[in-house]
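query_4.cif (mmCIF, C-alpha atoms) appears below.
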data_my_file
#
loop_
_atom_site.label_atom_id
_atom_site.label_comp_id
_atom_site.auth_asym_id
_atom_site.auth_seq_id
_atom_site.Cartn_x
_atom_site.Cartn_y
_atom_site.Cartn_z
CA MET F 1 82.48 89.19 73.62
CA ALA F 2 85.63 91.05 72.60
CA ILE F 3 88.91 90.01 74.23
CA VAL F 4 91.92 92.33 74.34
CA ARG F 5 95.25 90.68 75.18
CA HIS F 6 98.36 92.69 76.08
CA GLU F 7 102.05 91.74 76.08
CA SER F 8 101.41 88.22 74.87
CA ASN F 9 103.83 85.46 74.00
CA LYS F 10 103.34 81.81 73.13
CA VAL F 11 102.81 80.86 76.78
CA TYR F 12 100.70 83.64 78.28
CA SER F 13 99.51 87.22 78.15
CA LYS F 14 100.51 89.63 80.90
CA VAL F 15 96.97 91.07 81.15
CA VAL F 16 93.67 90.41 79.38
CA GLU F 17 90.48 92.49 79.15
CA ALA F 18 87.02 91.06 78.45
CA ASN F 19 83.57 92.43 79.24
CA GLY F 20 84.97 95.24 81.41
CA VAL F 21 86.98 92.85 83.55
CA VAL F 22 90.79 93.01 83.63
CA THR F 23 92.77 89.95 84.74
CA THR F 24 96.53 89.95 85.17
CA ALA F 25 98.77 86.94 84.97
CA GLY F 26 100.38 85.71 88.16
CA ILE F 27 103.12 88.36 88.34
CA ILE F 28 106.54 87.45 89.70
CA PRO F 29 109.47 89.74 90.58
CA SER F 30 112.38 90.18 88.21
CA ASP F 31 114.86 91.18 90.92
CA LEU F 32 115.26 88.02 92.98
CA ASN F 33 117.77 89.46 95.43
CA GLY F 34 115.29 91.43 97.52
CA ASP F 35 113.40 90.26 100.59
CA ALA F 36 109.67 89.49 100.50
CA LYS F 37 108.72 93.13 101.09
CA ALA F 38 110.92 94.38 98.25
CA GLN F 39 109.77 91.63 95.88
CA THR F 40 106.12 92.37 96.72
CA ALA F 41 106.62 96.08 96.07
CA GLU F 42 108.18 95.30 92.69
CA VAL F 43 105.34 92.96 91.73
CA LEU F 44 102.76 95.59 92.70
CA ARG F 45 104.52 98.25 90.62
CA GLU F 46 104.28 95.90 87.64
CA ILE F 47 100.59 95.31 88.38
CA ASP F 48 100.06 99.09 88.45
CA ARG F 49 101.65 99.27 85.00
CA LEU F 50 99.47 96.49 83.61
CA LEU F 51 96.26 97.96 85.05
CA ALA F 52 97.13 101.34 83.52
CA ILE F 53 97.54 99.72 80.09
CA CYS F 54 93.90 98.65 80.44
CA GLY F 55 92.69 102.03 81.64
CA THR F 56 92.11 101.04 85.24
CA ASP F 57 94.01 101.21 88.54
CA LYS F 58 94.43 99.70 91.98
CA SER F 59 91.29 101.38 93.34
CA LYS F 60 89.27 99.08 91.05
CA VAL F 61 90.88 95.77 92.00
CA ILE F 62 88.22 93.38 93.27
CA SER F 63 90.23 90.22 93.93
CA ALA F 64 93.84 89.18 94.54
CA THR F 65 95.54 85.81 94.88
CA ILE F 66 98.93 85.77 96.58
CA TRP F 67 101.29 82.81 96.61
CA LEU F 68 104.24 82.92 99.00
CA ASN F 69 107.03 80.37 98.73
CA ASP F 70 107.14 80.43 102.54
CA ILE F 71 104.03 81.47 104.46
CA ARG F 72 106.30 82.97 107.12
CA HIS F 73 106.93 85.82 104.65
CA ARG F 74 103.33 86.94 105.08
CA GLU F 75 104.08 89.82 107.44
CA ALA F 76 106.80 91.26 105.21
CA MET F 77 104.57 90.90 102.15
CA ASN F 78 101.70 92.56 104.01
CA GLU F 79 103.77 95.67 104.72
CA ALA F 80 104.23 96.33 101.02
CA TRP F 81 100.68 95.15 100.29
CA MET F 82 98.98 97.54 102.73
CA ALA F 83 101.07 100.47 101.51
CA TRP F 84 99.96 99.67 97.97
CA VAL F 85 96.28 99.08 98.71
CA GLY F 86 96.09 102.50 100.34
CA GLY F 87 93.30 101.88 102.82
CA GLU F 88 90.11 99.94 103.28
CA ALA F 89 88.19 101.85 100.59
CA ASN F 90 90.33 100.03 98.01
CA ALA F 91 90.70 96.63 99.69
CA PRO F 92 90.00 93.66 97.38
CA VAL F 93 89.10 90.18 98.54
CA ARG F 94 92.25 88.14 98.93
CA ALA F 95 93.49 84.59 99.26
CA CYS F 96 97.09 84.04 100.40
CA VAL F 97 98.60 80.56 100.55
CA GLU F 98 102.01 78.94 100.38
CA ALA F 99 103.22 77.42 97.10
CA LYS F 100 106.58 76.66 95.57
CA LEU F 101 107.17 79.02 92.64
CA VAL F 102 109.20 78.59 89.47
CA ASP F 103 112.51 79.67 91.02
CA PRO F 104 113.28 79.12 94.72
CA ARG F 105 114.52 82.72 94.94
CA MET F 106 111.04 83.98 93.98
CA LEU F 107 109.30 84.70 97.25
CA VAL F 108 105.96 85.98 95.98
CA GLU F 109 103.57 85.80 93.02
CA ILE F 110 100.42 87.95 92.79
CA GLN F 111 97.45 87.84 90.41
CA VAL F 112 94.66 90.42 90.46
CA VAL F 113 91.25 90.91 88.88
CA ALA F 114 89.99 94.47 88.41
CA VAL F 115 87.10 96.20 86.73
CA LYS F 116 87.28 99.28 84.53
CA MET G 117 81.52 99.81 86.99
CA ALA G 118 80.40 100.20 90.60
CA ILE G 119 82.24 98.18 93.23
CA VAL G 120 80.72 97.46 96.65
CA ARG G 121 83.13 96.24 99.33
CA HIS G 122 81.94 94.73 102.62
CA GLU G 123 83.74 94.28 105.95
CA SER G 124 86.96 95.82 104.72
CA ASN G 125 90.17 96.50 106.58
CA LYS G 126 93.58 97.72 105.40
CA VAL G 127 94.50 94.25 104.09
CA TYR G 128 91.36 92.90 102.45
CA SER G 129 87.59 92.93 102.16
CA LYS G 130 85.60 89.90 103.22
CA VAL G 131 83.38 90.08 100.10
CA VAL G 132 83.18 92.36 97.05
CA GLU G 133 80.40 92.90 94.50
CA ALA G 134 80.95 94.22 90.97
CA ASN G 135 78.82 93.85 87.87
CA GLY G 136 76.50 91.30 89.47
CA VAL G 137 79.39 89.06 90.51
CA VAL G 138 80.13 88.41 94.19
CA THR G 139 83.61 87.24 95.22
CA THR G 140 84.51 86.25 98.76
CA ALA G 141 87.96 86.34 100.27
CA GLY G 142 89.64 83.05 101.03
CA ILE G 143 87.73 82.27 104.22
CA ILE G 144 89.47 80.48 107.08
CA PRO G 145 87.98 79.01 110.26
CA SER G 146 88.16 80.91 113.55
CA ASP G 147 87.86 77.77 115.72
CA LEU G 148 91.09 75.91 115.05
CA ASN G 149 90.38 73.02 117.39
CA GLY G 150 87.96 71.19 115.12
CA ASP G 151 88.75 68.52 112.54
CA ALA G 152 88.63 69.22 108.80
CA LYS G 153 84.89 68.50 108.63
CA ALA G 154 84.08 70.91 111.48
CA GLN G 155 86.41 73.60 110.13
CA THR G 156 84.85 73.27 106.66
CA ALA G 157 81.34 73.56 108.09
CA GLU G 158 82.33 76.71 109.96
CA VAL G 159 83.90 78.25 106.85
CA LEU G 160 80.78 77.49 104.81
CA ARG G 161 78.52 79.09 107.45
CA GLU G 162 80.65 82.23 107.15
CA ILE G 163 80.39 82.10 103.35
CA ASP G 164 76.58 81.83 103.69
CA ARG G 165 76.66 84.97 105.83
CA LEU G 166 78.80 86.87 103.31
CA LEU G 167 76.67 85.82 100.35
CA ALA G 168 73.53 86.95 102.20
CA ILE G 169 75.07 90.39 102.77
CA CYS G 170 75.29 90.67 98.98
CA GLY G 171 71.75 89.42 98.39
CA THR G 172 72.72 86.02 97.01
CA ASP G 173 73.11 82.49 98.36
CA LYS G 174 74.81 79.13 97.86
CA SER G 175 72.47 78.16 95.01
CA LYS G 176 74.16 80.87 92.92
CA VAL G 177 77.78 79.95 93.55
CA ILE G 178 79.53 79.27 90.25
CA SER G 179 83.09 78.54 91.36
CA ALA G 180 84.97 77.48 94.49
CA THR G 181 88.66 77.14 95.30
CA ILE G 182 89.56 74.96 98.27
CA TRP G 183 92.99 74.80 99.87
CA LEU G 184 93.67 72.00 102.33
CA ASN G 185 96.78 72.03 104.48
CA ASP G 186 96.90 68.25 103.98
CA ILE G 187 95.23 66.75 100.92
CA ARG G 188 94.40 63.68 103.02
CA HIS G 189 91.69 65.80 104.67
CA ARG G 190 89.76 65.84 101.41
CA GLU G 191 87.23 63.19 102.37
CA ALA G 192 86.40 64.88 105.68
CA MET G 193 86.11 68.27 103.95
CA ASN G 194 83.88 66.73 101.27
CA GLU G 195 81.37 65.48 103.85
CA ALA G 196 80.72 69.01 105.05
CA TRP G 197 81.00 70.35 101.50
CA MET G 198 78.36 68.02 100.01
CA ALA G 199 75.96 68.70 102.88
CA TRP G 200 76.36 72.42 102.20
CA VAL G 201 76.09 72.27 98.40
CA GLY G 202 72.80 70.43 98.74
CA GLY G 203 72.82 68.46 95.51
CA GLU G 204 73.96 68.63 91.94
CA ALA G 205 71.55 71.43 90.98
CA ASN G 206 73.73 73.80 93.03
CA ALA G 207 77.18 72.33 92.34
CA PRO G 208 79.81 74.92 91.36
CA VAL G 209 83.03 74.17 89.52
CA ARG G 210 85.76 73.47 92.02
CA ALA G 211 89.52 73.21 92.35
CA CYS G 212 90.94 71.59 95.49
CA VAL G 213 94.68 71.48 96.13
CA GLU G 214 97.06 71.27 99.07
CA ALA G 215 98.70 74.42 100.40
CA LYS G 216 100.16 75.49 103.70
CA LEU G 217 97.92 78.11 105.30
CA VAL G 218 98.69 80.97 107.67
CA ASP G 219 98.48 78.86 110.83
CA PRO G 220 99.34 75.14 110.84
CA ARG G 221 96.14 74.46 112.81
CA MET G 222 94.06 75.85 109.92
CA LEU G 223 93.07 72.82 107.88
CA VAL G 224 90.99 74.49 105.15
CA GLU G 225 90.49 77.78 103.31
CA ILE G 226 87.65 78.31 100.80
CA GLN G 227 86.98 81.11 98.32
CA VAL G 228 83.82 81.29 96.20
CA VAL G 229 82.47 83.33 93.30
CA ALA G 230 78.70 83.71 92.99
CA VAL G 231 76.28 85.68 90.87
CA LYS G 232 73.24 87.59 92.10
CA MET S 233 71.47 85.99 86.30
CA ALA S 234 70.95 82.56 84.74
CA ILE S 235 73.45 79.83 85.63
CA VAL S 236 73.92 76.76 83.45
CA ARG S 237 75.77 73.85 85.05
CA HIS S 238 77.07 70.89 83.04
CA GLU S 239 78.07 67.37 84.11
CA SER S 240 77.27 67.98 87.76
CA ASN S 241 77.42 65.61 90.70
CA LYS S 242 77.02 66.17 94.43
CA VAL S 243 80.53 67.58 94.74
CA TYR S 244 81.06 69.76 91.69
CA SER S 245 80.13 70.63 88.12
CA LYS S 246 82.65 70.11 85.35
CA VAL S 247 81.84 73.50 83.75
CA VAL S 248 79.46 76.36 84.57
CA GLU S 249 78.17 79.25 82.44
CA ALA S 250 76.90 82.55 83.83
CA ASN S 251 76.64 85.95 82.23
CA GLY S 252 78.63 84.91 79.15
CA VAL S 253 81.53 83.62 81.26
CA VAL S 254 82.47 79.93 81.20
CA THR S 255 84.46 78.47 84.12
CA THR S 256 85.77 74.92 84.19
CA ALA S 257 86.54 72.91 87.28
CA GLY S 258 90.17 72.17 88.02
CA ILE S 259 90.59 69.35 85.48
CA ILE S 260 92.84 66.40 86.28
CA PRO S 261 94.03 63.59 84.00
CA SER S 262 92.36 60.20 84.07
CA ASP S 263 95.40 58.33 82.72
CA LEU S 264 97.95 58.65 85.51
CA ASN S 265 100.68 56.65 83.78
CA GLY S 266 101.80 59.39 81.41
CA ASP S 267 104.49 62.01 81.99
CA ALA S 268 103.63 65.65 82.64
CA LYS S 269 103.44 66.43 78.91
CA ALA S 270 101.04 63.57 78.22
CA GLN S 271 98.90 64.36 81.27
CA THR S 272 98.73 68.03 80.28
CA ALA S 273 97.69 67.13 76.73
CA GLU S 274 94.92 64.90 78.10
CA VAL S 275 93.68 67.62 80.47
CA LEU S 276 93.61 70.15 77.63
CA ARG S 277 91.62 67.77 75.40
CA GLU S 278 89.07 67.51 78.20
CA ILE S 279 89.00 71.31 78.53
CA ASP S 280 88.37 71.56 74.76
CA ARG S 281 85.41 69.21 75.20
CA LEU S 282 83.97 71.23 78.10
CA LEU S 283 84.38 74.55 76.30
CA ALA S 284 82.61 73.12 73.25
CA ILE S 285 79.65 72.06 75.41
CA CYS S 286 79.29 75.76 76.28
CA GLY S 287 79.66 76.95 72.72
CA THR S 288 83.13 78.41 73.08
CA ASP S 289 86.71 77.29 72.46
CA LYS S 290 90.35 77.78 73.39
CA SER S 291 90.64 81.02 71.38
CA LYS S 292 88.33 82.63 73.97
CA VAL S 293 90.11 81.53 77.13
CA ILE S 294 91.06 84.58 79.19
CA SER S 295 92.65 83.00 82.26
CA ALA S 296 94.23 79.71 83.32
CA THR S 297 95.47 78.39 86.66
CA ILE S 298 97.91 75.48 86.55
CA TRP S 299 98.93 73.41 89.56
CA LEU S 300 101.90 71.08 89.16
CA ASN S 301 102.68 68.49 91.82
CA ASP S 302 106.35 69.23 91.13
CA ILE S 303 107.30 72.62 89.69
CA ARG S 304 110.17 70.91 87.85
CA HIS S 305 107.53 69.52 85.46
CA ARG S 306 106.91 73.04 84.16
CA GLU S 307 108.92 72.64 80.96
CA ALA S 308 107.21 69.38 80.02
CA MET S 309 103.80 70.89 80.79
CA ASN S 310 104.67 73.97 78.74
CA GLU S 311 105.37 71.89 75.63
CA ALA S 312 101.82 70.55 75.61
CA TRP S 313 100.47 73.92 76.76
CA MET S 314 102.06 75.95 73.94
CA ALA S 315 100.94 73.43 71.32
CA TRP S 316 97.38 73.76 72.65
CA VAL S 317 97.33 77.56 72.97
CA GLY S 318 98.36 77.86 69.34
CA GLY S 319 100.16 81.18 69.43
CA GLU S 320 100.13 84.52 71.15
CA ALA S 321 96.81 85.63 69.63
CA ASN S 322 95.11 83.10 71.93
CA ALA S 323 97.32 83.38 75.01
CA PRO S 324 95.39 83.76 78.31
CA VAL S 325 96.81 85.14 81.51
CA ARG S 326 98.22 82.32 83.57
CA ALA S 327 99.37 81.45 87.06
CA CYS S 328 101.40 78.27 87.55
CA VAL S 329 102.41 77.09 91.01
CA GLU S 330 103.29 73.85 92.77
CA ALA S 331 100.66 72.05 94.85
CA LYS S 332 100.08 68.49 95.98
CA LEU S 333 97.07 67.08 94.15
CA VAL S 334 94.56 64.41 95.16
CA ASP S 335 96.67 61.48 93.95
CA PRO S 336 100.49 61.62 93.92
CA ARG S 337 100.47 60.21 90.37
CA MET S 338 98.52 63.26 89.16
CA LEU S 339 101.16 65.64 87.86
CA VAL S 340 98.96 68.52 86.69
CA GLU S 341 95.57 70.17 87.27
CA ILE S 342 94.29 73.02 85.07
CA GLN S 343 91.32 75.37 85.45
CA VAL S 344 90.33 77.91 82.81
CA VAL S 345 87.93 80.83 82.45
CA ALA S 346 86.64 81.67 78.97
CA VAL S 347 84.08 83.97 77.43
CA LYS S 348 81.56 83.10 74.75
#
Starting from the file, lay out its structure as structure tokens.
Amino acid sequence: MAIVRHESNKVYSKVVEANGVVTTAGIIPSDLNGDAKAQTAEVLREIDRLLAICGTDKSKVISATIWLNDIRHREAMNEAWMAWVGGEANAPVRACVEAKLVDPRMLVEIQVVAVK
Amino acid sequence: MAIVRHESNKVYSKVVEANGVVTTAGIIPSDLNGDAKAQTAEVLREIDRLLAICGTDKSKVISATIWLNDIRHREAMNEAWMAWVGGEANAPVRACVEAKLVDPRMLVEIQVVAVK
Amino acid sequence: MAIVRHESNKVYSKVVEANGVVTTAGIIPSDLNGDAKAQTAEVLREIDRLLAICGTDKSKVISATIWLNDIRHREAMNEAWMAWVGGEANAPVRACVEAKLVDPRMLVEIQVVAVK
């Protein structure tokens, strides 16, 4: 089964394709000064970019995992999330839990699985 | 690749099918008064219902992720879990870690991946 | 869709194959006296063993989830991780977050998805 890896370094690839399934890394924001809504929006823009590299898009996302460094940021994250999802016709399954991330200023990390 | 989403709202779908693979959302209990064993049993009944919607069942679950709001609830969760799995012929791979969930009274969240 | 489960007990299987996709359980170290680098190396040796049972290997891993009981162990984990991955041609997508594990002496748990 052919594997296509994109934007790889010695630790991880940003997105990998295999058998028609596209999996992103857990994507974190680069601008750590924003609130949870702004950081979520930035992460989702990066996910859009990675899906496009693989010839797919957010309408084909089947699953998302969201880690918040404080679960109380869920409402703010959800505002950016719902705007991105664009309605129930696109809604993936989702798990959202609290977890400390690499830098305490990172409020959100999101990983998605899509099909092509 | 066709995607079938079930019980969707603007945030997430309860279960999604694509390419013969069925993925549930992270399922949480609705009755928050029970102990970890009771909450786990309720979550697993809901997972049974979602798998049935997709024409599959617990004997075809390949992977499960379990989040406990206190890892010390693992034994109580496992009692309900083992009763549900029904023996080693059905046993999926599993990861079980501690994570704060949306409501502090929620003791367990479970997500599964099955095939059809 | 045929499912092949390996090293199963009443709680979980160590690795499961379905549709050309191989998923390991969240693997934890058995020697809890080592530091995060040593524990990671042990976990990755066990993952090598499980992948081999399924006729695949680390060059075909597409995704990894890493839980650290203290996110400050990330650098030590990464040393063992990079040595195992063996360069960007093999690099899977990855998510790495902090989570309390079953025993406080367990510093790392890793789950991988590979293809055959």
Inset, instruction - Could you give me, as a list in words, the residues within 6 Å of stretch 81-89 of chain F, counting only C-alpha atoms and dropping anything in the same chain fewer than 2 positions from it? - result: Asn78, Glu79 and Ala91 of chain F; Ser124, Asn125, Lys126 and Val127 of chain G
Any chance you could dump chain S, least-squares fitted to chain F on all C-alpha atoms in order, as an mmCIF file with C-alpha atoms, in the frame of the given file?
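And here is the file that came out, out-v5.cif:
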data_model
loop_
_atom_site.group_PDB
_atom_site.id
_atom_site.type_symbol
_atom_site.label_atom_id
_atom_site.label_comp_id
_atom_site.auth_asym_id
_atom_site.auth_seq_id
_atom_site.Cartn_x
_atom_site.Cartn_y
_atom_site.Cartn_z
ATOM 1 C CA MET S 233 82.491 89.192 73.617
ATOM 2 C CA ALA S 234 85.643 91.061 72.595
ATOM 3 C CA ILE S 235 88.915 90.010 74.232
ATOM 4 C CA VAL S 236 91.927 92.315 74.343
ATOM 5 C CA ARG S 237 95.248 90.674 75.200
ATOM 6 C CA HIS S 238 98.354 92.679 76.105
ATOM 7 C CA GLU S 239 102.048 91.734 76.093
ATOM 8 C CA SER S 240 101.401 88.210 74.869
ATOM 9 C CA ASN S 241 103.847 85.463 73.998
ATOM 10 C CA LYS S 242 103.346 81.804 73.133
ATOM 11 C CA VAL S 243 102.814 80.869 76.773
ATOM 12 C CA TYR S 244 100.709 83.636 78.272
ATOM 13 C CA SER S 245 99.514 87.232 78.157
ATOM 14 C CA LYS S 246 100.510 89.624 80.910
ATOM 15 C CA VAL S 247 96.968 91.073 81.161
ATOM 16 C CA VAL S 248 93.661 90.410 79.390
ATOM 17 C CA GLU S 249 90.472 92.491 79.153
ATOM 18 C CA ALA S 250 87.019 91.067 78.454
ATOM 19 C CA ASN S 251 83.597 92.434 79.235
ATOM 20 C CA GLY S 252 84.962 95.249 81.412
ATOM 21 C CA VAL S 253 86.975 92.829 83.561
ATOM 22 C CA VAL S 254 90.778 93.019 83.638
ATOM 23 C CA THR S 255 92.772 89.950 84.743
ATOM 24 C CA THR S 256 96.530 89.946 85.185
ATOM 25 C CA ALA S 257 98.777 86.932 84.966
ATOM 26 C CA GLY S 258 100.378 85.713 88.164
ATOM 27 C CA ILE S 259 103.122 88.362 88.342
ATOM 28 C CA ILE S 260 106.546 87.454 89.704
ATOM 29 C CA PRO S 261 109.471 89.730 90.581
ATOM 30 C CA SER S 262 112.373 90.161 88.198
ATOM 31 C CA ASP S 263 114.855 91.174 90.914
ATOM 32 C CA LEU S 264 115.247 88.018 92.981
ATOM 33 C CA ASN S 265 117.768 89.462 95.431
ATOM 34 C CA GLY S 266 115.284 91.429 97.513
ATOM 35 C CA ASP S 267 113.393 90.262 100.596
ATOM 36 C CA ALA S 268 109.680 89.482 100.488
ATOM 37 C CA LYS S 269 108.740 93.130 101.090
ATOM 38 C CA ALA S 270 110.928 94.381 98.250
ATOM 39 C CA GLN S 271 109.769 91.636 95.877
ATOM 40 C CA THR S 272 106.128 92.367 96.706
ATOM 41 C CA ALA S 273 106.627 96.089 96.082
ATOM 42 C CA GLU S 274 108.191 95.318 92.693
ATOM 43 C CA VAL S 275 105.345 92.966 91.733
ATOM 44 C CA LEU S 276 102.767 95.591 92.701
ATOM 45 C CA ARG S 277 104.528 98.263 90.614
ATOM 46 C CA GLU S 278 104.283 95.903 87.651
ATOM 47 C CA ILE S 279 100.588 95.308 88.391
ATOM 48 C CA ASP S 280 100.059 99.101 88.456
ATOM 49 C CA ARG S 281 101.661 99.284 85.009
ATOM 50 C CA LEU S 282 99.466 96.492 83.612
ATOM 51 C CA LEU S 283 96.272 97.961 85.051
ATOM 52 C CA ALA S 284 97.132 101.338 83.524
ATOM 53 C CA ILE S 285 97.545 99.730 80.090
ATOM 54 C CA CYS S 286 93.898 98.654 80.440
ATOM 55 C CA GLY S 287 92.699 102.021 81.645
ATOM 56 C CA THR S 288 92.111 101.038 85.249
ATOM 57 C CA ASP S 289 94.018 101.196 88.534
ATOM 58 C CA LYS S 290 94.433 99.698 91.989
ATOM 59 C CA SER S 291 91.281 101.397 93.329
ATOM 60 C CA LYS S 292 89.269 99.071 91.054
ATOM 61 C CA VAL S 293 90.872 95.770 92.000
ATOM 62 C CA ILE S 294 88.209 93.372 93.267
ATOM 63 C CA SER S 295 90.231 90.223 93.937
ATOM 64 C CA ALA S 296 93.837 89.184 94.536
ATOM 65 C CA THR S 297 95.534 85.802 94.884
ATOM 66 C CA ILE S 298 98.930 85.759 96.586
ATOM 67 C CA TRP S 299 101.291 82.791 96.606
ATOM 68 C CA LEU S 300 104.239 82.912 98.996
ATOM 69 C CA ASN S 301 107.036 80.363 98.725
ATOM 70 C CA ASP S 302 107.155 80.440 102.529
ATOM 71 C CA ILE S 303 104.033 81.468 104.444
ATOM 72 C CA ARG S 304 106.302 82.978 107.112
ATOM 73 C CA HIS S 305 106.943 85.832 104.651
ATOM 74 C CA ARG S 306 103.330 86.947 105.065
ATOM 75 C CA GLU S 307 104.074 89.831 107.425
ATOM 76 C CA ALA S 308 106.803 91.254 105.198
ATOM 77 C CA MET S 309 104.563 90.894 102.140
ATOM 78 C CA ASN S 310 101.701 92.558 104.007
ATOM 79 C CA GLU S 311 103.771 95.673 104.714
ATOM 80 C CA ALA S 312 104.236 96.323 101.005
ATOM 81 C CA TRP S 313 100.688 95.143 100.285
ATOM 82 C CA MET S 314 98.987 97.536 102.730
ATOM 83 C CA ALA S 315 101.074 100.473 101.511
ATOM 84 C CA TRP S 316 99.965 99.670 97.950
ATOM 85 C CA VAL S 317 96.274 99.083 98.711
ATOM 86 C CA GLY S 318 96.092 102.485 100.359
ATOM 87 C CA GLY S 319 93.294 101.882 102.825
ATOM 88 C CA GLU S 320 90.107 99.945 103.273
ATOM 89 C CA ALA S 321 88.191 101.859 100.583
ATOM 90 C CA ASN S 322 90.333 100.033 98.003
ATOM 91 C CA ALA S 323 90.694 96.644 99.688
ATOM 92 C CA PRO S 324 89.992 93.651 97.383
ATOM 93 C CA VAL S 325 89.104 90.182 98.538
ATOM 94 C CA ARG S 326 92.251 88.147 98.918
ATOM 95 C CA ALA S 327 93.495 84.598 99.257
ATOM 96 C CA CYS S 328 97.079 84.045 100.407
ATOM 97 C CA VAL S 329 98.590 80.569 100.546
ATOM 98 C CA GLU S 330 102.008 78.941 100.370
ATOM 99 C CA ALA S 331 103.214 77.416 97.098
ATOM 100 C CA LYS S 332 106.577 76.651 95.551
ATOM 101 C CA LEU S 333 107.170 79.010 92.639
ATOM 102 C CA VAL S 334 109.210 78.587 89.459
ATOM 103 C CA ASP S 335 112.508 79.680 91.019
ATOM 104 C CA PRO S 336 113.270 79.127 94.724
ATOM 105 C CA ARG S 337 114.504 82.734 94.963
ATOM 106 C CA MET S 338 111.038 83.994 93.978
ATOM 107 C CA LEU S 339 109.300 84.705 97.264
ATOM 108 C CA VAL S 340 105.942 85.977 95.995
ATOM 109 C CA GLU S 341 103.563 85.791 93.019
ATOM 110 C CA ILE S 342 100.413 87.942 92.793
ATOM 111 C CA GLN S 343 97.446 87.839 90.412
ATOM 112 C CA VAL S 344 94.649 90.403 90.466
ATOM 113 C CA VAL S 345 91.235 90.903 88.881
ATOM 114 C CA ALA S 346 89.987 94.465 88.399
ATOM 115 C CA VAL S 347 87.094 96.198 86.713
ATOM 116 C CA LYS S 348 87.248 99.282 84.532
#
Inset, instruction - Within 7 Å of chain F, which residues of chain G are there when counting all atoms listed in the file? Please give them as a ChimeraX atom specification. - result: /G:117,124-132,140-142,215-218
Inset, instruction - Check the smallest atom-to-atom distance from each of F:Met77, F:Val22, F:Leu107, F:Ile3 to F:Ala41 using only C-alpha atoms, then report the winner. - result: F:Met77
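Distances to S:Glu249 were evaluated for S:Ile285, S:Leu264, S:Ile279, S:Ala270 using all atoms listed in the file, and the minimum falls at S:Ile285.
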Please, what is the axis-aligned box for every listed atom of stretch 56-70 of chain F with 8 Å on each side, as centre and edge lengths in Å to one decimal, as AutoDock Vina command-line options?
--center_x 97.7 --center_y 90.9 --center_z 93.9 --size_x 34.9 --size_y 37.0 --size_z 33.3
Legend entry - Selected residue of minimal separation from F:Leu44 among F:Lys58, F:Asp103, F:Thr23, F:Val113, counting only C-alpha atoms: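 Of F:Lys58, F:Asp103, F:Thr23, F:Val113, the one nearest F:Leu44, counting only C-alpha atoms, is F:Lys58.
Considering the residues G:Met222, G:Val120, G:Ala134, G:Val228 and counting all atoms listed in the file, G:Asp147 has its shortest atom-to-atom contact with G:Met222.
For the pair atom CA of F:Ile27 and atom CA of F:Arg49, the separation is 11.5 Å.
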Neighbours of F:Glu42 within 10 Å (all atoms listed in the file; same-chain residues fewer than 3 positions away dropped), as a PDB file with C-alpha atoms, in the frame of the given file?
ATOM      1  CA  ILE F  27     103.120  88.360  88.340  1.00  0.00           C
ATOM      2  CA  ILE F  28     106.540  87.450  89.700  1.00  0.00           C
ATOM      3  CA  PRO F  29     109.470  89.740  90.580  1.00  0.00           C
ATOM      4  CA  SER F  30     112.380  90.180  88.210  1.00  0.00           C
ATOM      5  CA  ASP F  31     114.860  91.180  90.920  1.00  0.00           C
ATOM      6  CA  GLY F  34     115.290  91.430  97.520  1.00  0.00           C
ATOM      7  CA  ALA F  36     109.670  89.490 100.500  1.00  0.00           C
ATOM      8  CA  LYS F  37     108.720  93.130 101.090  1.00  0.00           C
ATOM      9  CA  ALA F  38     110.920  94.380  98.250  1.00  0.00           C
ATOM     10  CA  GLN F  39     109.770  91.630  95.880  1.00  0.00           C
ATOM     11  CA  ARG F  45     104.520  98.250  90.620  1.00  0.00           C
ATOM     12  CA  GLU F  46     104.280  95.900  87.640  1.00  0.00           C
ATOM     13  CA  ILE F  47     100.590  95.310  88.380  1.00  0.00           C
ATOM     14  CA  ASP F  48     100.060  99.090  88.450  1.00  0.00           C
ATOM     15  CA  ALA F  80     104.230  96.330 101.020  1.00  0.00           C
TER      16      ALA F  80
END
Inset, instruction - Mind giving me the straight-line distance from atom CA of S:Val275 to atom CA of G:Thr156 in Å, one decimal? - result: 28.2 Å
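Atom CA of G:Val224 is found 26.4 Å from atom CA of S:His238.
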